[in-house]
file data36.txt (compact mmCIF, C-alpha atoms)
# COMPACT_ATOMS: atom_id res chain seq x y z
CA MET U 1 193.98 186.60 38.88
CA GLN U 2 190.86 184.59 38.13
CA GLY U 3 189.48 184.30 34.60
CA ALA U 4 186.04 185.52 33.65
CA MET U 5 183.24 183.23 34.75
CA PRO U 6 180.88 182.29 31.88
CA PRO U 7 177.28 183.46 32.51
CA GLU U 8 175.97 179.89 32.64
CA GLY U 9 178.25 179.16 35.60
CA ARG U 10 177.87 182.49 37.38
CA VAL U 11 176.26 182.74 40.84
CA THR U 12 175.22 186.20 42.06
CA ARG U 13 173.21 187.45 45.01
CA PHE U 14 171.15 190.36 46.26
CA ALA U 15 171.58 190.88 50.01
CA PRO U 16 169.27 193.53 51.50
CA SER U 17 168.84 194.32 55.20
CA PRO U 18 165.22 194.38 56.47
CA THR U 19 165.62 197.70 58.27
CA GLY U 20 163.36 199.73 55.98
CA PRO U 21 161.53 199.62 52.65
CA LEU U 22 163.34 198.86 49.42
CA HIS U 23 163.94 201.99 47.34
CA LEU U 24 165.03 202.63 43.76
CA GLY U 25 168.67 201.99 44.62
CA HIS U 26 167.81 198.53 45.92
CA ALA U 27 165.77 197.80 42.81
CA TYR U 28 168.72 198.74 40.61
CA ALA U 29 171.11 196.54 42.63
CA ALA U 30 168.69 193.60 42.44
CA PHE U 31 168.21 194.01 38.68
CA VAL U 32 171.97 194.17 38.10
CA ALA U 33 172.62 191.05 40.19
CA ALA U 34 169.85 189.09 38.49
CA GLU U 35 170.91 190.14 35.00
CA ARG U 36 174.59 189.41 35.69
CA ALA U 37 173.60 185.89 36.76
CA GLY U 38 172.32 185.27 33.24
CA ALA U 39 171.80 181.54 32.80
CA GLY U 40 173.47 180.89 36.15
CA ARG U 41 171.93 181.29 39.60
CA PHE U 42 170.59 184.41 41.31
CA LEU U 43 170.33 184.08 45.10
CA LEU U 44 168.74 186.15 47.84
CA ARG U 45 170.26 186.68 51.27
CA ILE U 46 168.65 188.58 54.13
CA GLU U 47 171.33 190.45 56.07
CA ASP U 48 169.61 190.65 59.44
CA ILE U 49 172.50 190.47 61.89
CA ASP U 50 171.45 193.81 63.40
CA GLN U 51 168.41 192.49 65.24
CA SER U 52 167.87 195.81 66.98
CA ARG U 53 166.89 197.42 63.66
CA CYS U 54 165.55 194.55 61.55
CA ARG U 55 161.80 194.05 61.34
CA ALA U 56 159.74 191.08 60.07
CA HIS U 57 157.37 193.29 58.09
CA PHE U 58 160.27 194.83 56.18
CA GLU U 59 161.53 191.35 55.31
CA ALA U 60 158.08 190.35 54.06
CA GLN U 61 157.97 193.56 52.00
CA ILE U 62 161.33 192.71 50.42
CA TYR U 63 159.98 189.42 49.06
CA ASP U 64 156.77 191.06 47.87
CA ASP U 65 158.51 193.97 46.13
CA LEU U 66 161.06 191.76 44.42
CA ARG U 67 158.39 189.43 43.09
CA TRP U 68 156.39 192.44 41.86
CA LEU U 69 159.51 193.61 40.00
CA GLY U 70 159.53 190.26 38.22
CA LEU U 71 162.53 188.76 40.00
CA THR U 72 162.82 185.14 41.09
CA TRP U 73 165.59 183.47 43.05
CA ALA U 74 166.78 180.03 44.05
CA GLU U 75 165.50 178.73 47.38
CA PRO U 76 166.16 178.57 50.23
CA VAL U 77 166.84 182.16 51.20
CA MET U 78 169.83 182.52 53.51
CA ARG U 79 169.22 184.59 56.65
CA GLN U 80 172.26 185.83 58.56
CA SER U 81 170.49 185.57 61.90
CA THR U 82 170.78 181.76 61.60
CA ARG U 83 174.52 181.82 60.85
CA ALA U 84 176.08 182.67 64.23
CA SER U 85 177.97 179.36 64.48
CA ALA U 86 179.63 179.95 61.10
CA TYR U 87 180.80 183.40 62.18
CA ARG U 88 182.13 182.05 65.48
CA ALA U 89 184.10 179.38 63.61
CA ALA U 90 185.64 182.02 61.33
CA LEU U 91 186.60 184.17 64.31
CA ALA U 92 188.16 181.18 66.04
CA ARG U 93 190.27 180.49 62.98
CA LEU U 94 191.44 184.09 62.81
CA ALA U 95 192.20 184.06 66.53
CA ALA U 96 194.34 180.95 66.04
CA LEU U 97 196.33 182.86 63.41
CA GLY U 98 197.05 185.56 65.99
CA VAL U 99 195.45 188.38 63.99
CA LEU U 100 192.61 189.34 66.36
CA TYR U 101 192.61 191.40 69.53
CA PRO U 102 189.86 192.56 71.90
CA CYS U 103 188.88 196.22 71.96
CA ARG U 104 186.85 198.01 74.62
CA CYS U 105 186.94 201.46 72.99
CA THR U 106 183.69 203.28 72.31
CA ARG U 107 183.22 205.60 69.34
CA ALA U 108 183.68 208.51 71.75
CA ASP U 109 186.98 207.02 72.95
CA ILE U 110 188.21 206.71 69.38
CA ARG U 111 187.25 210.27 68.51
CA ALA U 112 188.94 211.56 71.64
CA ALA U 113 192.14 209.67 70.87
CA LEU U 114 192.19 210.92 67.29
CA SER U 115 191.59 214.51 68.35
CA ALA U 116 194.58 214.56 70.72
CA PRO U 117 197.12 217.32 69.88
CA GLN U 118 199.85 214.86 68.91
CA GLU U 119 197.62 213.13 66.36
CA ASN U 120 197.06 214.13 62.76
CA ALA U 121 193.58 214.92 61.42
CA PRO U 122 191.27 211.90 61.79
CA GLN U 123 191.28 209.60 58.79
CA TYR U 124 188.13 207.97 57.44
CA GLY U 125 188.28 204.65 55.62
CA PRO U 126 185.80 202.02 54.44
CA ASP U 127 185.11 201.05 58.07
CA GLY U 128 184.71 204.63 59.31
CA LEU U 129 187.33 206.31 61.48
CA VAL U 130 190.71 204.60 61.16
CA TYR U 131 191.33 203.07 64.58
CA PRO U 132 194.42 204.48 66.39
CA GLY U 133 195.40 201.12 67.91
CA THR U 134 194.61 201.90 71.54
CA CYS U 135 193.89 198.25 72.46
CA ARG U 136 196.26 196.59 69.99
CA ALA U 137 198.55 195.20 72.70
CA ARG U 138 195.71 193.33 74.42
CA SER U 139 195.71 189.54 74.12
CA ILE U 140 192.79 187.73 72.56
CA ALA U 141 192.95 185.42 75.58
CA LYS U 142 191.79 188.38 77.69
CA ALA U 143 188.71 189.09 75.56
CA GLY U 144 185.58 189.74 77.59
CA PRO U 145 181.87 189.67 76.69
CA ASP U 146 181.76 193.45 76.29
CA ASP U 147 184.73 193.62 73.92
CA ALA U 148 184.66 194.02 70.17
CA LEU U 149 187.21 192.00 68.19
CA ARG U 150 189.48 193.82 65.75
CA LEU U 151 191.73 192.60 62.96
CA ASN U 152 195.36 193.52 63.46
CA MET U 153 195.87 194.76 59.92
CA ARG U 154 199.66 194.67 59.92
CA GLN U 155 199.81 191.12 61.27
CA ALA U 156 197.03 189.97 58.93
CA LEU U 157 198.87 191.28 55.89
CA ALA U 158 202.02 189.51 57.04
CA HIS U 159 200.17 186.18 56.76
CA VAL U 160 199.34 186.58 53.07
CA GLY U 161 201.28 187.30 49.92
CA ALA U 162 200.29 189.61 47.09
CA LEU U 163 196.52 189.61 46.62
CA SER U 164 194.41 190.70 43.69
CA PHE U 165 190.85 190.36 42.45
CA THR U 166 188.99 190.69 39.17
CA GLU U 167 186.78 193.77 38.81
CA ALA U 168 184.17 193.11 36.12
CA GLY U 169 182.26 196.39 36.49
CA PRO U 170 182.59 199.47 34.28
CA LEU U 171 183.85 201.88 36.96
CA HIS U 172 187.30 200.49 37.81
CA ALA U 173 190.26 198.82 36.18
CA PRO U 174 189.80 195.05 35.79
CA GLY U 175 192.86 194.10 37.83
CA GLN U 176 192.88 195.28 41.45
CA THR U 177 195.75 194.58 43.86
CA ILE U 178 196.05 195.14 47.60
CA ASP U 179 198.44 197.91 48.64
CA PRO U 180 199.62 196.93 52.16
CA ASP U 181 200.68 200.46 53.07
CA TRP U 182 197.25 201.82 52.10
CA MET U 183 195.53 199.07 54.07
CA ILE U 184 197.49 199.91 57.23
CA ALA U 185 197.20 203.70 56.96
CA GLN U 186 193.80 204.19 55.33
CA VAL U 187 191.79 201.14 56.49
CA GLY U 188 193.35 200.16 59.79
CA ASP U 189 192.26 197.58 62.33
CA VAL U 190 188.65 196.96 61.33
CA VAL U 191 186.04 195.48 63.66
CA LEU U 192 185.18 191.86 62.85
CA SER U 193 182.93 191.18 65.83
CA ARG U 194 180.76 193.85 67.34
CA ARG U 195 179.88 193.46 70.98
CA ASP U 196 176.14 193.70 70.26
CA MET U 197 175.91 191.13 67.45
CA GLY U 198 178.92 188.79 67.60
CA THR U 199 180.00 189.53 64.03
CA SER U 200 180.30 192.42 61.59
CA TYR U 201 179.36 193.20 58.01
CA HIS U 202 182.89 192.51 56.78
CA LEU U 203 183.14 189.08 58.38
CA SER U 204 179.60 187.90 57.70
CA VAL U 205 179.55 188.93 54.04
CA VAL U 206 182.78 187.03 53.33
CA VAL U 207 181.69 183.88 55.17
CA ASP U 208 178.22 183.92 53.59
CA ASP U 209 179.42 184.58 50.04
CA ALA U 210 181.65 181.52 50.35
CA ALA U 211 178.86 179.40 51.85
CA GLN U 212 176.51 180.32 48.99
CA GLY U 213 179.14 179.69 46.33
CA ILE U 214 178.95 183.24 44.99
CA THR U 215 181.19 183.60 41.94
CA GLU U 216 180.51 187.30 41.29
CA VAL U 217 179.59 189.89 43.92
CA THR U 218 177.55 192.74 42.45
CA ARG U 219 177.05 195.83 44.59
CA GLY U 220 177.15 199.62 44.68
CA ASP U 221 180.37 201.52 44.17
CA ASP U 222 180.24 202.83 47.75
CA LEU U 223 181.51 199.38 48.80
CA PHE U 224 184.44 199.25 46.38
CA GLU U 225 187.10 200.04 49.00
CA ALA U 226 185.62 197.48 51.41
CA THR U 227 186.46 194.83 48.82
CA PHE U 228 190.12 194.98 49.83
CA ILE U 229 189.14 194.07 53.41
CA HIS U 230 187.07 191.18 52.08
CA LEU U 231 189.89 189.97 49.85
CA LEU U 232 192.22 189.84 52.84
CA LEU U 233 189.70 187.93 54.95
CA GLN U 234 189.12 185.44 52.13
CA ALA U 235 192.85 184.77 51.99
CA LEU U 236 193.18 184.39 55.77
CA LEU U 237 190.20 182.03 55.94
CA GLU U 238 191.27 180.17 52.75
CA LEU U 239 187.95 180.86 51.05
CA GLN U 240 187.26 180.96 47.33
CA ARG U 241 187.56 184.49 45.94
CA PRO U 242 184.74 185.73 43.70
CA SER U 243 185.07 188.43 41.07
CA TYR U 244 183.38 191.77 41.75
CA TYR U 245 181.08 194.04 39.77
CA HIS U 246 180.68 197.48 41.32
CA HIS U 247 177.94 199.53 39.73
CA ARG U 248 176.79 203.13 39.84
CA LEU U 249 174.68 204.43 42.70
CA ILE U 250 171.16 205.75 42.28
CA ARG U 251 171.01 209.34 43.46
CA ASP U 252 168.36 211.99 43.98
CA GLU U 253 168.03 215.26 42.07
CA CYS U 254 170.74 216.84 44.26
CA GLY U 255 173.20 214.02 43.62
CA LYS U 256 172.75 212.46 47.06
CA ARG U 257 172.76 208.68 47.31
CA LEU U 258 169.35 207.24 48.18
CA ALA U 259 168.89 205.83 51.68
CA LYS U 260 166.07 203.97 53.40
CA ARG U 261 164.83 207.19 54.92
CA ASP U 262 163.86 208.28 51.39
CA ASP U 263 160.41 206.73 51.71
CA ALA U 264 159.09 208.82 48.81
CA ARG U 265 161.28 206.67 46.54
CA ALA U 266 160.30 203.37 48.17
CA ILE U 267 159.16 200.70 45.72
CA SER U 268 156.03 200.17 47.80
CA GLN U 269 155.15 203.85 47.42
CA TYR U 270 155.57 203.75 43.65
CA ARG U 271 153.32 200.69 43.61
CA LYS U 272 150.63 202.53 45.57
CA GLU U 273 150.82 205.38 43.06
CA GLY U 274 150.14 203.00 40.17
CA ALA U 275 153.63 202.54 38.73
CA THR U 276 154.46 199.35 36.84
CA PRO U 277 157.68 197.31 36.99
CA GLN U 278 158.54 198.71 33.55
CA ASP U 279 158.14 202.23 34.93
CA ILE U 280 160.69 201.39 37.61
CA ARG U 281 163.14 200.09 35.00
CA LEU U 282 162.73 203.26 32.96
CA MET U 283 163.38 205.42 36.03
CA LEU U 284 166.60 203.48 36.55
CA GLY U 285 167.72 203.80 32.94
CA LEU U 286 167.39 200.08 32.24
call {"tool": "encode", "arguments": {"input": "data36.txt", "output": "structure tokens"}}
result
Amino acid sequence: MQGAMPPEGRVTRFAPSPTGPLHLGHAYAAFVAAERAGAGRFLLRIEDIDQSRCRAHFEAQIYDDLRWLGLTWAEPVMRQSTRASAYRAALARLAALGVLYPCRCTRADIRAALSAPQENAPQYGPDGLVYPGTCRARSIAKAGPDDALRLNMRQALAHVGALSFTEAGPLHAPGQTIDPDWMIAQVGDVVLSRRDMGTSYHLSVVVDDAAQGITEVTRGDDLFEATFIHLLLQALLELQRPSYYHHRLIRDECGKRLAKRDDARAISQYRKEGATPQDIRLMLGL
């Protein structure tokens, strides 16, 4: 278990995707990351691996909104769309360990397999439906251009010993340890390389956090369970493990988590209506 990192040595990041306008939830996440950095370094990363949905004007709006909120960050800004070679290298290393296999299943295939009479009710984990293992026997040597690449969870866990991470946030116990049985049954063989982008959120976030020297990952509590996937990948790839700070989510009046489709709560909309950065902080309870 790692000790607490002093604020002057802490490196945090805010990593939005330019697929829509920043809303109040993004503002809260950015404020938390910047404030947790303290006298250390606060970085910005643009998570634009999904080129089918990312737009240049949304990226420009991210910079503009963050500056309006009073936030500054160390340059240069990392953009995931320039990092394909790093993701390929990580996949090659995992393939050499024998923990990857190609998968040709579509979402419809997976749903059909999980709805078969002999199967139990479909399980949902941090990567969506828990994969039933249809393609698990396929060799990575037979991977084709239309295949996704999945992590063989059981084999991956066999490569590592007991794993734990430090949780610095207020919502969970400070010491968190991987439960192999939970990982196999409730997480399953997650996708590490999607056929349409050559990587996945889980792989890219781990590789990029290491490349940026992030010492504390701050993010919403909806990603808490994904942290166990990331811890496993860090161990397999022999990357430095940061501590984590999972914070509350910003929700609407009905208790629903804000999403990018909630344009009425977009920072740009509040700006048009005459709000100030201090108004935004007050709305967020800061």
call {"tool": "closest_residue", "arguments": {"input": "data36.txt", "among": "U:Tyr63, U:Phe42, U:Trp182, U:Phe31", "to": "Gln278 of chain U", "atoms": "only C-alpha atoms"}}
result
U:Phe31
call {"tool": "closest_residue", "arguments": {"input": "data36.txt", "among": "U:Lys272, U:Arg150, U:Arg45, U:Arg53", "to": "Ala15 of chain U", "atoms": "all atoms listed in the file"}}
result
U:Arg45
call {"tool": "residues_near_point", "arguments": {"input": "data36.txt", "point": "(170.7, 193.2, 48.2)", "cutoff": "12 Å", "atoms": "only C-alpha atoms", "output": "JSON, numbers by chain"}}
result
{"U": [12, 13, 14, 15, 16, 17, 18, 22, 23, 24, 25, 26, 27, 28, 29, 30, 31, 32, 33, 34, 42, 43, 44, 45, 46, 47, 48, 59, 62, 63, 66, 78, 205, 217, 218, 219, 220]}
call {"tool": "closest_residue", "arguments": {"input": "data36.txt", "among": "U:Tyr87, U:Phe224, U:Tyr124, U:Tyr270", "to": "Ser204 of chain U", "atoms": "only C-alpha atoms"}}
result
U:Tyr87
call {"tool": "atom_distance", "arguments": {"input": "data36.txt", "atom1": "atom CA of Leu231 of chain U", "atom2": "atom CA of Asp179 of chain U"}}
result
11.7 Å
call {"tool": "closest_residue", "arguments": {"input": "data36.txt", "among": "U:Pro242, U:Pro277, U:Gly198, U:Gly98", "to": "Gln51 of chain U", "atoms": "all atoms listed in the file"}}
result
U:Gly198
call {"tool": "closest_residue", "arguments": {"input": "data36.txt", "among": "U:Ile184, U:Ala113, U:Val130, U:Leu91", "to": "Gln155 of chain U", "atoms": "all atoms listed in the file"}}
result
U:Ile184
call {"tool": "build_atoms", "arguments": {"input": "data36.txt", "residues": "segment 74-94 of chain U", "atoms": "N, CA, C and O atoms", "output": "tab-separated table (two decimals), in the coordinates of the input"}}
result
chain	number	residue	atom	x	y	z
U	74	ALA	N	166.70	181.42	43.60
U	74	ALA	CA	166.78	180.03	44.05
U	74	ALA	C	166.51	179.96	45.54
U	74	ALA	O	166.97	180.80	46.31
U	75	GLU	N	165.76	178.97	45.96
U	75	GLU	CA	165.50	178.73	47.38
U	75	GLU	C	166.50	177.70	47.91
U	75	GLU	O	167.04	176.90	47.16
U	76	PRO	N	166.76	177.69	49.23
U	76	PRO	CA	166.16	178.57	50.23
U	76	PRO	C	166.89	179.90	50.32
U	76	PRO	O	168.04	180.03	49.87
U	77	VAL	N	166.23	180.86	50.93
U	77	VAL	CA	166.84	182.16	51.20
U	77	VAL	C	167.73	182.04	52.43
U	77	VAL	O	167.30	181.49	53.45
U	78	MET	N	168.94	182.53	52.34
U	78	MET	CA	169.83	182.52	53.51
U	78	MET	C	169.50	183.73	54.38
U	78	MET	O	169.32	184.83	53.88
U	79	ARG	N	169.45	183.51	55.70
U	79	ARG	CA	169.22	184.59	56.65
U	79	ARG	C	170.41	184.61	57.62
U	79	ARG	O	170.72	183.61	58.26
U	80	GLN	N	171.06	185.75	57.74
U	80	GLN	CA	172.26	185.83	58.56
U	80	GLN	C	172.00	185.55	60.04
U	80	GLN	O	172.90	185.10	60.75
U	81	SER	N	170.80	185.79	60.49
U	81	SER	CA	170.49	185.57	61.90
U	81	SER	C	170.58	184.10	62.29
U	81	SER	O	170.60	183.77	63.49
U	82	THR	N	170.65	183.20	61.30
U	82	THR	CA	170.78	181.76	61.60
U	82	THR	C	172.23	181.28	61.46
U	82	THR	O	172.48	180.09	61.57
U	83	ARG	N	173.16	182.19	61.25
U	83	ARG	CA	174.52	181.82	60.85
U	83	ARG	C	175.57	182.10	61.93
U	83	ARG	O	176.76	182.11	61.66
U	84	ALA	N	175.14	182.28	63.16
U	84	ALA	CA	176.08	182.67	64.23
U	84	ALA	C	177.21	181.66	64.40
U	84	ALA	O	178.37	182.05	64.64
U	85	SER	N	176.92	180.37	64.28
U	85	SER	CA	177.97	179.36	64.48
U	85	SER	C	179.04	179.47	63.40
U	85	SER	O	180.24	179.24	63.68
U	86	ALA	N	178.65	179.80	62.18
U	86	ALA	CA	179.63	179.95	61.10
U	86	ALA	C	180.55	181.15	61.36
U	86	ALA	O	181.76	181.10	61.10
U	87	TYR	N	179.98	182.22	61.89
U	87	TYR	CA	180.80	183.40	62.18
U	87	TYR	C	181.75	183.13	63.35
U	87	TYR	O	182.90	183.55	63.33
U	88	ARG	N	181.26	182.40	64.36
U	88	ARG	CA	182.13	182.05	65.48
U	88	ARG	C	183.30	181.19	65.02
U	88	ARG	O	184.43	181.35	65.47
U	89	ALA	N	183.03	180.25	64.12
U	89	ALA	CA	184.10	179.38	63.61
U	89	ALA	C	185.15	180.19	62.85
U	89	ALA	O	186.35	179.95	62.98
U	90	ALA	N	184.70	181.17	62.07
U	90	ALA	CA	185.64	182.02	61.33
U	90	ALA	C	186.49	182.85	62.28
U	90	ALA	O	187.71	182.99	62.11
U	91	LEU	N	185.85	183.39	63.33
U	91	LEU	CA	186.60	184.17	64.31
U	91	LEU	C	187.62	183.31	65.04
U	91	LEU	O	188.74	183.75	65.32
U	92	ALA	N	187.24	182.08	65.35
U	92	ALA	CA	188.16	181.18	66.04
U	92	ALA	C	189.39	180.89	65.17
U	92	ALA	O	190.52	180.81	65.66
U	93	ARG	N	189.15	180.74	63.88
U	93	ARG	CA	190.27	180.49	62.98
U	93	ARG	C	191.20	181.70	62.90
U	93	ARG	O	192.43	181.56	62.91
U	94	LEU	N	190.62	182.88	62.84
U	94	LEU	CA	191.44	184.09	62.81
U	94	LEU	C	192.20	184.29	64.12
U	94	LEU	O	193.35	184.72	64.13
